[in-house]
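This is run.cif. It holds mmCIF, C-alpha atoms (C1' of nucleotides).
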data_my_file
loop_
_atom_site.group_PDB
_atom_site.id
_atom_site.type_symbol
_atom_site.label_atom_id
_atom_site.label_comp_id
_atom_site.auth_asym_id
_atom_site.auth_seq_id
_atom_site.Cartn_x
_atom_site.Cartn_y
_atom_site.Cartn_z
ATOM 1 C CA MET A 1326 -2.400 5.000 11.007
ATOM 2 C CA ALA A 1327 -0.447 4.302 7.857
ATOM 3 C CA ARG A 1328 -1.388 2.084 4.991
ATOM 4 C CA ALA A 1329 -2.126 -1.500 5.932
ATOM 5 C CA ALA A 1330 0.873 -3.805 5.761
ATOM 6 C CA THR A 1331 1.361 -5.724 2.552
ATOM 7 C CA THR A 1332 1.315 -8.852 4.680
ATOM 8 C CA THR A 1333 -2.139 -8.094 6.028
ATOM 9 C CA ASP A 1334 -3.954 -10.199 3.466
ATOM 10 C CA ALA A 1335 -3.902 -11.371 -0.127
ATOM 11 C CA PHE A 1336 -5.526 -8.132 -1.303
ATOM 12 C CA ASN A 1337 -2.568 -6.114 -0.094
ATOM 13 C CA ALA A 1338 0.064 -8.650 -1.055
ATOM 14 C CA VAL A 1339 -1.201 -8.894 -4.591
ATOM 15 C CA ALA A 1340 -1.494 -5.162 -5.154
ATOM 16 C CA GLU A 1341 2.195 -5.169 -6.034
ATOM 17 C CA PRO A 1342 2.701 -6.085 -9.711
ATOM 18 C CA ARG A 1343 5.985 -7.868 -9.077
ATOM 19 C CA ARG A 1344 4.310 -10.208 -6.677
ATOM 20 C CA ARG A 1345 1.613 -10.976 -9.208
ATOM 21 C CA GLN A 1346 4.345 -11.763 -11.704
ATOM 22 C CA ILE A 1347 5.954 -14.134 -9.254
ATOM 23 C CA LEU A 1348 2.681 -15.942 -8.754
ATOM 24 C CA ASP A 1349 2.201 -16.104 -12.499
ATOM 25 C CA LEU A 1350 5.582 -17.752 -12.850
ATOM 26 C CA LEU A 1351 4.931 -20.171 -10.036
ATOM 27 C CA ALA A 1352 1.622 -21.125 -11.601
ATOM 28 C CA ALA A 1353 3.670 -23.102 -14.109
ATOM 29 C CA GLY A 1354 5.294 -25.054 -11.321
ATOM 30 C CA GLU A 1355 7.718 -25.063 -8.443
ATOM 31 C CA ARG A 1356 10.824 -22.921 -8.909
ATOM 32 C CA PRO A 1357 13.999 -22.012 -7.045
ATOM 33 C CA VAL A 1358 14.621 -18.358 -6.246
ATOM 34 C CA ASN A 1359 17.339 -17.903 -8.817
ATOM 35 C CA ASP A 1360 14.998 -18.947 -11.612
ATOM 36 C CA LEU A 1361 12.634 -16.227 -10.547
ATOM 37 C CA VAL A 1362 15.466 -13.724 -10.292
ATOM 38 C CA ALA A 1363 16.453 -14.487 -13.860
ATOM 39 C CA MET A 1364 12.929 -14.434 -15.231
ATOM 40 C CA LEU A 1365 11.938 -11.249 -13.443
ATOM 41 C CA ASP A 1366 15.211 -9.447 -14.090
ATOM 42 C CA LEU A 1367 15.102 -8.191 -10.538
ATOM 43 C CA ALA A 1368 17.784 -8.103 -7.850
ATOM 44 C CA GLN A 1369 17.870 -11.277 -5.810
ATOM 45 C CA PRO A 1370 17.234 -9.616 -2.426
ATOM 46 C CA LEU A 1371 14.115 -8.015 -3.824
ATOM 47 C CA VAL A 1372 12.806 -11.324 -5.035
ATOM 48 C CA SER A 1373 13.470 -12.838 -1.629
ATOM 49 C CA LYS A 1374 11.591 -9.982 0.001
ATOM 50 C CA HIS A 1375 8.595 -10.372 -2.248
ATOM 51 C CA LEU A 1376 8.598 -14.098 -1.611
ATOM 52 C CA ARG A 1377 8.621 -13.405 2.088
ATOM 53 C CA VAL A 1378 5.493 -11.311 1.803
ATOM 54 C CA LEU A 1379 3.815 -13.947 -0.301
ATOM 55 C CA ARG A 1380 4.757 -16.597 2.224
ATOM 56 C CA GLN A 1381 3.360 -14.574 5.084
ATOM 57 C CA VAL A 1382 -0.049 -14.406 3.488
ATOM 58 C CA GLY A 1383 0.140 -18.057 2.532
ATOM 59 C CA LEU A 1384 0.284 -17.555 -1.213
ATOM 60 C CA VAL A 1385 3.482 -19.555 -1.582
ATOM 61 C CA GLU A 1386 5.135 -22.384 0.257
ATOM 62 C CA VAL A 1387 8.772 -23.424 0.389
ATOM 63 C CA ARG A 1388 10.623 -26.668 0.267
ATOM 64 C CA ASP A 1389 14.339 -27.005 0.886
ATOM 65 C CA VAL A 1390 16.319 -29.071 -1.542
ATOM 66 C CA GLY A 1391 20.046 -28.903 -0.988
ATOM 67 C CA ARG A 1392 21.030 -25.319 -1.071
ATOM 68 C CA GLN A 1393 18.027 -24.314 -3.070
ATOM 69 C CA ARG A 1394 14.637 -23.277 -1.823
ATOM 70 C CA LEU A 1395 11.831 -24.328 -4.106
ATOM 71 C CA TYR A 1396 8.780 -22.119 -3.986
ATOM 72 C CA ARG A 1397 5.375 -23.253 -5.054
ATOM 73 C CA LEU A 1398 2.025 -21.583 -5.396
ATOM 74 C CA ASN A 1399 -0.884 -21.957 -3.030
ATOM 75 C CA GLY A 1400 -3.971 -20.428 -4.591
ATOM 76 C CA ILE A 1401 -6.263 -20.708 -1.594
ATOM 77 C CA PRO A 1402 -5.754 -17.168 -0.229
ATOM 78 C CA LEU A 1403 -6.813 -15.819 -3.619
ATOM 79 C CA LYS A 1404 -10.305 -17.155 -3.280
ATOM 80 C CA PRO A 1405 -11.551 -14.292 -1.079
ATOM 81 C CA ILE A 1406 -10.442 -11.856 -3.761
ATOM 82 C CA HIS A 1407 -12.261 -13.846 -6.362
ATOM 83 C CA ASP A 1408 -15.367 -14.064 -4.234
ATOM 84 C CA TRP A 1409 -15.381 -10.351 -3.540
ATOM 85 C CA VAL A 1410 -14.771 -9.213 -7.070
ATOM 86 C CA LYS A 1411 -17.161 -11.718 -8.581
ATOM 87 C CA LYS A 1412 -20.061 -9.875 -6.982
ATOM 88 C CA TYR A 1413 -19.380 -7.034 -9.397
ATOM 89 C CA GLU A 1414 -19.395 -9.108 -12.539
ATOM 90 C CA GLN A 1415 -22.861 -7.910 -13.410
ATOM 91 C CA ALA A 1416 -21.858 -4.337 -12.685
ATOM 92 C CA TRP A 1417 -19.166 -4.187 -15.342
ATOM 93 C CA GLU A 1418 -21.151 -6.182 -17.840
ATOM 94 C CA GLU A 1419 -23.921 -3.644 -17.536
ATOM 95 C CA ARG A 1420 -21.423 -0.903 -18.156
ATOM 96 C CA PHE A 1421 -19.931 -2.556 -21.178
ATOM 97 C CA GLY A 1422 -23.432 -2.984 -22.484
ATOM 98 C CA GLN A 1423 -24.071 0.716 -22.071
ATOM 99 C CA LEU A 1424 -20.842 1.503 -23.874
ATOM 100 C CA ASP A 1425 -21.828 -0.744 -26.747
ATOM 101 C CA ALA A 1426 -25.158 1.008 -27.005
ATOM 102 C CA VAL A 1427 -23.532 4.430 -27.119
ATOM 103 C CA LEU A 1428 -21.076 3.300 -29.755
ATOM 104 C CA ALA A 1429 -23.865 1.816 -31.845
ATOM 105 C CA GLU A 1430 -25.787 5.081 -31.674
ATOM 106 C CA LEU A 1431 -22.737 7.043 -32.727
ATOM 107 C CA LYS A 1432 -22.188 4.744 -35.632
ATOM 108 C CA GLU A 1433 -25.787 5.033 -36.734
ATOM 109 C CA SER A 1434 -25.828 8.803 -36.677
ATOM 110 C CA GLU A 1435 -22.660 8.722 -38.730
ATOM 111 C CA GLY A 1436 -24.326 6.444 -41.250
ATOM 112 C CA ASN A 1437 -27.193 8.934 -41.454
ATOM 113 C CA GLY A 1438 -24.791 11.580 -42.577
ATOM 114 C CA ASP A 1439 -25.767 13.308 -39.379
ATOM 115 C CA GLY A 1440 -22.186 13.102 -38.220
ATOM 116 C CA SER A 1441 -21.865 16.804 -37.656
ATOM 117 C CA ASP A 1442 -18.958 15.861 -35.407
ATOM 118 C CA MET B 683 10.899 3.766 -4.563
ATOM 119 C CA ALA B 684 8.051 3.516 -2.132
ATOM 120 C CA ARG B 685 4.916 1.485 -2.386
ATOM 121 C CA ALA B 686 2.841 2.157 -5.488
ATOM 122 C CA ALA B 687 0.211 4.834 -5.056
ATOM 123 C CA THR B 688 -3.252 3.661 -4.123
ATOM 124 C CA THR B 689 -4.453 5.493 -7.203
ATOM 125 C CA THR B 690 -2.223 3.464 -9.503
ATOM 126 C CA ASP B 691 -4.883 0.921 -10.384
ATOM 127 C CA ALA B 692 -7.872 -0.941 -9.052
ATOM 128 C CA PHE B 693 -5.633 -3.537 -7.388
ATOM 129 C CA ASN B 694 -4.096 -0.908 -5.154
ATOM 130 C CA ALA B 695 -7.285 1.063 -4.613
ATOM 131 C CA VAL B 696 -9.196 -1.985 -3.521
ATOM 132 C CA ALA B 697 -6.540 -3.277 -1.150
ATOM 133 C CA GLU B 698 -7.982 -0.923 1.466
ATOM 134 C CA PRO B 699 -10.928 -2.555 3.259
ATOM 135 C CA ARG B 700 -12.760 0.721 3.715
ATOM 136 C CA ARG B 701 -12.788 1.285 0.020
ATOM 137 C CA ARG B 702 -14.177 -2.164 -0.572
ATOM 138 C CA GLN B 703 -16.901 -1.382 1.924
ATOM 139 C CA ILE B 704 -17.740 1.789 0.064
ATOM 140 C CA LEU B 705 -18.043 -0.111 -3.179
ATOM 141 C CA ASP B 706 -20.203 -2.702 -1.467
ATOM 142 C CA LEU B 707 -22.528 0.047 -0.304
ATOM 143 C CA LEU B 708 -22.630 1.695 -3.697
ATOM 144 C CA ALA B 709 -23.448 -1.631 -5.301
ATOM 145 C CA ALA B 710 -26.956 -1.160 -3.917
ATOM 146 C CA GLY B 711 -27.282 2.158 -5.694
ATOM 147 C CA GLU B 712 -26.237 5.768 -5.896
ATOM 148 C CA ARG B 713 -25.611 7.481 -2.552
ATOM 149 C CA PRO B 714 -24.634 10.893 -1.212
ATOM 150 C CA VAL B 715 -21.487 11.163 0.882
ATOM 151 C CA ASN B 716 -23.291 11.613 4.148
ATOM 152 C CA ASP B 717 -25.103 8.337 3.739
ATOM 153 C CA LEU B 718 -21.778 6.606 3.406
ATOM 154 C CA VAL B 719 -20.400 8.483 6.393
ATOM 155 C CA ALA B 720 -23.305 7.264 8.490
ATOM 156 C CA MET B 721 -23.155 3.690 7.235
ATOM 157 C CA LEU B 722 -19.404 3.377 7.583
ATOM 158 C CA ASP B 723 -19.192 5.196 10.894
ATOM 159 C CA LEU B 724 -16.138 7.002 9.602
ATOM 160 C CA ALA B 725 -15.194 10.673 9.723
ATOM 161 C CA GLN B 726 -16.521 12.578 6.726
ATOM 162 C CA PRO B 727 -13.118 13.766 5.466
ATOM 163 C CA LEU B 728 -11.889 10.203 5.416
ATOM 164 C CA VAL B 729 -14.839 9.087 3.360
ATOM 165 C CA SER B 730 -14.212 11.921 0.933
ATOM 166 C CA LYS B 731 -10.592 10.905 0.636
ATOM 167 C CA HIS B 732 -11.454 7.307 -0.057
ATOM 168 C CA LEU B 733 -13.979 8.414 -2.640
ATOM 169 C CA ARG B 734 -11.319 10.507 -4.274
ATOM 170 C CA VAL B 735 -9.072 7.508 -4.668
ATOM 171 C CA LEU B 736 -11.913 5.443 -6.044
ATOM 172 C CA ARG B 737 -12.759 8.207 -8.476
ATOM 173 C CA GLN B 738 -9.189 8.438 -9.665
ATOM 174 C CA VAL B 739 -9.117 4.797 -10.646
ATOM 175 C CA GLY B 740 -12.566 5.085 -12.190
ATOM 176 C CA LEU B 741 -14.367 2.863 -9.727
ATOM 177 C CA VAL B 742 -16.934 5.519 -8.879
ATOM 178 C CA GLU B 743 -18.498 8.461 -10.631
ATOM 179 C CA VAL B 744 -20.125 11.555 -9.207
ATOM 180 C CA ARG B 745 -23.193 13.571 -9.997
ATOM 181 C CA ASP B 746 -24.011 16.883 -8.381
ATOM 182 C CA VAL B 747 -27.530 17.391 -7.126
ATOM 183 C CA GLY B 748 -28.038 20.558 -5.157
ATOM 184 C CA ARG B 749 -25.521 20.562 -2.395
ATOM 185 C CA GLN B 750 -25.163 16.826 -2.456
ATOM 186 C CA ARG B 751 -22.777 14.748 -4.480
ATOM 187 C CA LEU B 752 -24.189 11.415 -5.482
ATOM 188 C CA TYR B 753 -21.641 8.688 -5.990
ATOM 189 C CA ARG B 754 -22.288 5.617 -8.063
ATOM 190 C CA LEU B 755 -20.347 2.483 -8.811
ATOM 191 C CA ASN B 756 -18.546 1.704 -12.019
ATOM 192 C CA GLY B 757 -17.471 -1.908 -12.018
ATOM 193 C CA ILE B 758 -15.391 -1.835 -15.175
ATOM 194 C CA PRO B 759 -11.980 -1.307 -13.532
ATOM 195 C CA LEU B 760 -12.617 -4.426 -11.452
ATOM 196 C CA LYS B 761 -12.592 -6.673 -14.449
ATOM 197 C CA PRO B 762 -8.774 -6.881 -14.692
ATOM 198 C CA ILE B 763 -8.706 -8.093 -11.099
ATOM 199 C CA HIS B 764 -11.286 -10.692 -11.888
ATOM 200 C CA ASP B 765 -9.440 -11.776 -14.999
ATOM 201 C CA TRP B 766 -6.166 -12.091 -13.170
ATOM 202 C CA VAL B 767 -7.459 -13.961 -10.173
ATOM 203 C CA LYS B 768 -9.685 -16.238 -12.200
ATOM 204 C CA LYS B 769 -6.597 -17.882 -13.663
ATOM 205 C CA TYR B 770 -5.953 -19.344 -10.229
ATOM 206 C CA GLU B 771 -9.365 -20.842 -9.718
ATOM 207 C CA GLN B 772 -8.089 -24.295 -10.518
ATOM 208 C CA ALA B 773 -5.139 -23.751 -8.207
ATOM 209 C CA TRP B 774 -7.224 -23.290 -5.090
ATOM 210 C CA GLU B 775 -9.736 -25.948 -6.038
ATOM 211 C CA GLU B 776 -6.889 -28.417 -6.290
ATOM 212 C CA ARG B 777 -5.748 -27.362 -2.865
ATOM 213 C CA PHE B 778 -9.143 -27.697 -1.331
ATOM 214 C CA GLY B 779 -9.343 -31.116 -2.887
ATOM 215 C CA GLN B 780 -6.068 -32.083 -1.256
ATOM 216 C CA LEU B 781 -7.334 -30.793 2.062
ATOM 217 C CA ASP B 782 -10.467 -32.863 1.733
ATOM 218 C CA ALA B 783 -8.409 -35.934 0.988
ATOM 219 C CA VAL B 784 -6.237 -35.403 4.035
ATOM 220 C CA LEU B 785 -9.261 -34.875 6.241
ATOM 221 C CA ALA B 786 -10.907 -37.984 4.884
ATOM 222 C CA GLU B 787 -7.801 -40.001 5.620
ATOM 223 C CA LEU B 788 -7.643 -38.669 9.140
ATOM 224 C CA LYS B 789 -11.244 -39.546 9.692
ATOM 225 C CA GLU B 790 -10.741 -43.031 8.384
ATOM 226 C CA SER B 791 -7.765 -43.775 10.576
ATOM 227 C CA GLU B 792 -9.795 -42.518 13.513
ATOM 228 C CA GLY B 793 -12.581 -44.911 12.591
ATOM 229 C CA ASN B 794 -10.000 -47.701 12.480
ATOM 230 C CA GLY B 795 -9.119 -46.970 16.039
ATOM 231 C CA ASP B 796 -5.711 -46.154 14.685
ATOM 232 C CA GLY B 797 -5.988 -42.666 16.084
ATOM 233 C CA SER B 798 -2.836 -43.018 18.109
ATOM 234 C CA ASP B 799 -2.742 -39.262 18.204
ATOM 235 C "C1'" DT C 560 -26.707 39.030 3.352
ATOM 236 C "C1'" DT C 561 -26.198 35.763 6.756
ATOM 237 C "C1'" DG C 562 -26.337 31.206 8.384
ATOM 238 C "C1'" DA C 563 -26.574 26.347 7.938
ATOM 239 C "C1'" DC C 564 -25.638 22.450 5.381
ATOM 240 C "C1'" DA C 565 -22.858 19.013 2.267
ATOM 241 C "C1'" DC C 566 -18.704 18.114 0.895
ATOM 242 C "C1'" DA C 567 -13.645 18.731 -0.346
ATOM 243 C "C1'" DT C 568 -9.061 20.077 0.723
ATOM 244 C "C1'" DA C 569 -4.903 21.155 3.519
ATOM 245 C "C1'" DC C 570 -1.996 20.155 7.109
ATOM 246 C "C1'" DC C 571 0.288 17.125 10.585
ATOM 247 C "C1'" DC C 572 1.960 12.588 11.986
ATOM 248 C "C1'" DA C 573 3.595 7.652 12.518
ATOM 249 C "C1'" DT C 574 4.310 4.040 9.700
ATOM 250 C "C1'" DA C 575 5.800 0.637 6.282
ATOM 251 C "C1'" DT C 576 6.927 0.413 1.783
ATOM 252 C "C1'" DG C 577 10.148 -1.155 -2.412
ATOM 253 C "C1'" DG C 578 14.445 -0.546 -4.108
ATOM 254 C "C1'" DG C 579 19.653 -0.524 -3.541
ATOM 255 C "C1'" DA C 580 23.834 -2.135 -1.383
ATOM 256 C "C1'" DA C 581 26.181 -4.828 1.815
ATOM 257 C "C1'" DT C 582 26.374 -8.636 4.620
ATOM 258 C "C1'" DA C 583 24.833 -12.882 7.058
ATOM 259 C "C1'" DT C 584 23.341 -17.783 6.923
ATOM 260 C "C1'" DG C 585 23.432 -22.375 5.441
ATOM 261 C "C1'" DA C 586 24.563 -26.138 2.394
ATOM 262 C "C1'" DT C 587 27.782 -28.352 -0.757
ATOM 263 C "C1'" DC C 588 32.251 -29.275 -2.561
ATOM 264 C "C1'" DA C 589 37.298 -29.605 -2.758
ATOM 265 C "C1'" DT D 123 38.978 -26.695 6.835
ATOM 266 C "C1'" DG D 124 38.058 -23.144 3.393
ATOM 267 C "C1'" DA D 125 35.744 -21.670 -0.802
ATOM 268 C "C1'" DT D 126 31.671 -21.138 -3.308
ATOM 269 C "C1'" DC D 127 26.922 -21.244 -4.314
ATOM 270 C "C1'" DA D 128 21.861 -20.102 -3.124
ATOM 271 C "C1'" DT D 129 19.224 -17.455 -0.468
ATOM 272 C "C1'" DA D 130 17.867 -14.408 3.446
ATOM 273 C "C1'" DT D 131 18.461 -10.435 6.278
ATOM 274 C "C1'" DT D 132 19.903 -5.801 7.540
ATOM 275 C "C1'" DC D 133 20.512 -0.986 6.893
ATOM 276 C "C1'" DC D 134 19.477 3.214 4.329
ATOM 277 C "C1'" DC D 135 16.254 6.343 1.943
ATOM 278 C "C1'" DA D 136 12.313 8.821 -0.430
ATOM 279 C "C1'" DT D 137 7.708 8.368 -0.587
ATOM 280 C "C1'" DA D 138 2.725 8.116 0.122
ATOM 281 C "C1'" DT D 139 -0.347 6.340 3.159
ATOM 282 C "C1'" DG D 140 -4.788 6.694 6.428
ATOM 283 C "C1'" DG D 141 -6.347 8.886 10.250
ATOM 284 C "C1'" DG D 142 -7.211 13.316 12.838
ATOM 285 C "C1'" DT D 143 -8.380 18.122 12.947
ATOM 286 C "C1'" DA D 144 -9.217 22.458 10.911
ATOM 287 C "C1'" DT D 145 -10.654 25.074 7.221
ATOM 288 C "C1'" DG D 146 -12.206 26.065 2.407
ATOM 289 C "C1'" DT D 147 -15.961 26.019 -1.204
ATOM 290 C "C1'" DG D 148 -20.413 25.897 -3.031
ATOM 291 C "C1'" DT D 149 -25.497 25.578 -2.401
ATOM 292 C "C1'" DC D 150 -29.812 26.462 -0.307
ATOM 293 C "C1'" DA D 151 -32.878 28.859 3.096
ATOM 294 C "C1'" DA D 152 -34.422 32.836 5.735
#
Write the structure described by the file as structure tokens, please.
Amino acid sequence: MARAATTTDAFNAVAEPRRRQILDLLAAGERPVNDLVAMLDLAQPLVSKHLRVLRQVGLVEVRDVGRQRLYRLNGIPLKPIHDWVKKYEQAWEERFGQLDAVLAELKESEGNGDGSD
Amino acid sequence: MARAATTTDAFNAVAEPRRRQILDLLAAGERPVNDLVAMLDLAQPLVSKHLRVLRQVGLVEVRDVGRQRLYRLNGIPLKPIHDWVKKYEQAWEERFGQLDAVLAELKESEGNGDGSD
DNA sequence: TTGACACATACCCATATGGGAATATGATCA
DNA sequence: TGATCATATTCCCATATGGGTATGTGTCAA
């Protein structure tokens, strides 16, 4: 088997930085494709393709207005990511704590003139 | 260009469900590869490959003990995911709120006998 | 030293990717 | 109707994937 399709779920869809950018832009409000093209400095077909992926996992929705298509964010499919990653909050806080401790020790031994490098 | 390498960052590494499972197992504590193989019911080489990816993005660390290699979790690279996705918390809560409202309306019209379906 | 164990790596394959370029679709306007 | 704008789709390509299978590497035991 190959890598799972980008349209499999939000995890895969959002692994692509461009698609995260698009969501970030849409977080400010509904936008037509050409706005996104301009803001992303990306070829229009590519933006359309990314939007297609995002639509397929439900992260964006479309509304037709004249000849424009207005895309808007739907955050709901992001919740599973949040829920999964949140479980590890303690894990990285622990680690940062350990780092702080190590740095403090280093600093102290320096202060002691023991900094034999 | 093709899809970004799975080893590019935690976003890509974690898009693969098997790798999330591995992290979930390691969250309970350090484990040798064979434990993971047994728990995941996955061929040993595949587990090793997934561990390699996780190691390359810093999500796990290894320690050699005799002929075993004990893997342990490092949550730090998950923090950027958390930070990114957290921005959207309000977005999905809004949506769920809208859903609730719609459901409540439906229920009410049913109660009114207006459920003309 | 040989064998068994724990694990990693190498190789093969089908697959879908993201980008580029060209073209199709659909709506508005003249 | 034809022209133009806004967007989507199609085709091409290099690339890396995840799984499978086979083999390499290092450690311990006899």
Worksheet item: Hey, what's within 6 Å of stretch 739-751 of chain B if we count all atoms listed in the file and toss same-chain stuff fewer than 4 positions away? As a ChimeraX atom specification, please?
Response: /B:689,691,714,755-756 /C:565 /D:149
Discussion item. I need the residue nearest chain D from this list: A:Ala1330, A:Ala1352, A:Val1358, A:Ile1347. Use only C-alpha atoms (C1' of nucleotides) for the distance.
Written reply: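 Nearest candidate to chain D out of A:Ala1330, A:Ala1352, A:Val1358, A:Ile1347: A:Val1358.
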Worksheet item: Suppose you want the space between atom C1' of D:DA144 and atom C1' of C:DG562; what is it in Å?
Response: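 Straight-line distance from atom C1' of D:DA144 to atom C1' of C:DG562 works out to 19.4 Å.
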Within 12 Å of chain D, which residues of chain B show up? Give each one with its shortest atom-to-atom distance in Å (one decimal) and the two atoms involved, counting all atoms listed in the file, rows by chain then rising residue number, as CSV.
residue,atom,partner,partner_atom,distance
B:Met683,CA,D:DA136,C1',6.7
B:Ala684,CA,D:DT137,C1',5.1
B:Arg685,CA,D:DA138,C1',7.4
B:Ala686,CA,D:DA138,C1',8.2
B:Ala687,CA,D:DA138,C1',6.6
B:Thr688,CA,D:DT139,C1',8.3
B:Thr689,CA,D:DA138,C1',10.6
B:Thr690,CA,D:DA138,C1',11.8
B:Asn694,CA,D:DT139,C1',11.6
B:Ala695,CA,D:DT139,C1',11.7
B:Glu698,CA,D:DG140,C1',9.6
B:Pro699,CA,D:DG140,C1',11.5
B:Arg700,CA,D:DG140,C1',10.3
B:Arg701,CA,D:DG140,C1',11.6
B:Leu724,CA,D:DG141,C1',10.0
B:Ala725,CA,D:DG142,C1',9.0
B:Gln726,CA,D:DG142,C1',11.2
B:Pro727,CA,D:DG142,C1',9.5
B:Leu728,CA,D:DG141,C1',7.5
B:Val729,CA,D:DG140,C1',10.8
B:Lys731,CA,D:DG140,C1',9.2
B:His732,CA,D:DG140,C1',9.3
B:Val735,CA,D:DT139,C1',11.8
B:Asp746,CA,D:DT149,C1',10.7
B:Val747,CA,D:DT149,C1',9.7
B:Gly748,CA,D:DT149,C1',6.3
B:Arg749,CA,D:DT149,C1',5.0
B:Gln750,CA,D:DT149,C1',8.8
B:Arg751,CA,D:DT149,C1',11.4
Practice prompt. Name every residue that the PyMOL selection byres ((chain B) within 7 of (chain A)) selects in this structure, writing the answer as JSON, numbers by chain with chains first and numbers rising.
Written response: {"B": [693, 694, 697, 756, 757, 758, 760, 764, 767, 768, 770, 773, 774, 777]}
Just to be explicit: take each residue in the selection above, keep C-alpha atoms, and write the result as a tab-separated table (two decimals), keeping the file's coordinate frame.
chain	number	residue	atom	x	y	z
B	693	PHE	CA	-5.63	-3.54	-7.39
B	694	ASN	CA	-4.10	-0.91	-5.15
B	697	ALA	CA	-6.54	-3.28	-1.15
B	756	ASN	CA	-18.55	1.70	-12.02
B	757	GLY	CA	-17.47	-1.91	-12.02
B	758	ILE	CA	-15.39	-1.84	-15.18
B	760	LEU	CA	-12.62	-4.43	-11.45
B	764	HIS	CA	-11.29	-10.69	-11.89
B	767	VAL	CA	-7.46	-13.96	-10.17
B	768	LYS	CA	-9.68	-16.24	-12.20
B	770	TYR	CA	-5.95	-19.34	-10.23
B	773	ALA	CA	-5.14	-23.75	-8.21
B	774	TRP	CA	-7.22	-23.29	-5.09
B	777	ARG	CA	-5.75	-27.36	-2.86
Discussion item. Could you tell me how far atom CA of B:Leu733 sits from atom C1' of C:DT568, in Å to one decimal place?
Written reply: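 Interatomic distance here is 13.1 Å.
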Generate N, CA and C atoms for stretch 761-776 of chain B and emit them as an mmCIF file, keeping the file's coordinate frame.
data_model
loop_
_atom_site.group_PDB
_atom_site.id
_atom_site.type_symbol
_atom_site.label_atom_id
_atom_site.label_comp_id
_atom_site.auth_asym_id
_atom_site.auth_seq_id
_atom_site.Cartn_x
_atom_site.Cartn_y
_atom_site.Cartn_z
ATOM 1 N N LYS B 761 -12.713 -5.508 -13.575
ATOM 2 C CA LYS B 761 -12.592 -6.673 -14.449
ATOM 3 C C LYS B 761 -11.156 -7.210 -14.542
ATOM 4 N N PRO B 762 -10.145 -6.342 -14.654
ATOM 5 C CA PRO B 762 -8.774 -6.881 -14.692
ATOM 6 C C PRO B 762 -8.435 -7.714 -13.456
ATOM 7 N N ILE B 763 -8.956 -7.303 -12.301
ATOM 8 C CA ILE B 763 -8.706 -8.093 -11.099
ATOM 9 C C ILE B 763 -9.345 -9.464 -11.252
ATOM 10 N N HIS B 764 -10.568 -9.435 -11.693
ATOM 11 C CA HIS B 764 -11.286 -10.692 -11.888
ATOM 12 C C HIS B 764 -10.550 -11.589 -12.867
ATOM 13 N N ASP B 765 -10.129 -10.987 -13.978
ATOM 14 C CA ASP B 765 -9.440 -11.776 -14.999
ATOM 15 C C ASP B 765 -8.160 -12.380 -14.446
ATOM 16 N N TRP B 766 -7.433 -11.579 -13.685
ATOM 17 C CA TRP B 766 -6.166 -12.091 -13.170
ATOM 18 C C TRP B 766 -6.399 -13.234 -12.187
ATOM 19 N N VAL B 767 -7.296 -13.000 -11.263
ATOM 20 C CA VAL B 767 -7.459 -13.961 -10.173
ATOM 21 C C VAL B 767 -8.160 -15.229 -10.651
ATOM 22 N N LYS B 768 -8.940 -15.091 -11.687
ATOM 23 C CA LYS B 768 -9.685 -16.238 -12.200
ATOM 24 C C LYS B 768 -8.740 -17.327 -12.700
ATOM 25 N N LYS B 769 -7.574 -16.914 -13.166
ATOM 26 C CA LYS B 769 -6.597 -17.882 -13.663
ATOM 27 C C LYS B 769 -6.216 -18.895 -12.585
ATOM 28 N N TYR B 770 -6.414 -18.508 -11.329
ATOM 29 C CA TYR B 770 -5.953 -19.344 -10.229
ATOM 30 C C TYR B 770 -7.059 -20.207 -9.638
ATOM 31 N N GLU B 771 -8.223 -20.110 -10.259
ATOM 32 C CA GLU B 771 -9.365 -20.842 -9.718
ATOM 33 C C GLU B 771 -9.026 -22.326 -9.559
ATOM 34 N N GLN B 772 -8.430 -22.876 -10.591
ATOM 35 C CA GLN B 772 -8.089 -24.295 -10.518
ATOM 36 C C GLN B 772 -7.086 -24.550 -9.392
ATOM 37 N N ALA B 773 -6.190 -23.584 -9.217
ATOM 38 C CA ALA B 773 -5.139 -23.751 -8.207
ATOM 39 C C ALA B 773 -5.730 -23.941 -6.812
ATOM 40 N N TRP B 774 -6.723 -23.112 -6.452
ATOM 41 C CA TRP B 774 -7.224 -23.290 -5.090
ATOM 42 C C TRP B 774 -8.187 -24.462 -4.986
ATOM 43 N N GLU B 775 -8.842 -24.793 -6.105
ATOM 44 C CA GLU B 775 -9.736 -25.948 -6.038
ATOM 45 C C GLU B 775 -8.936 -27.223 -5.840
ATOM 46 N N GLU B 776 -7.811 -27.301 -6.528
ATOM 47 C CA GLU B 776 -6.889 -28.417 -6.290
ATOM 48 C C GLU B 776 -6.543 -28.519 -4.816
#
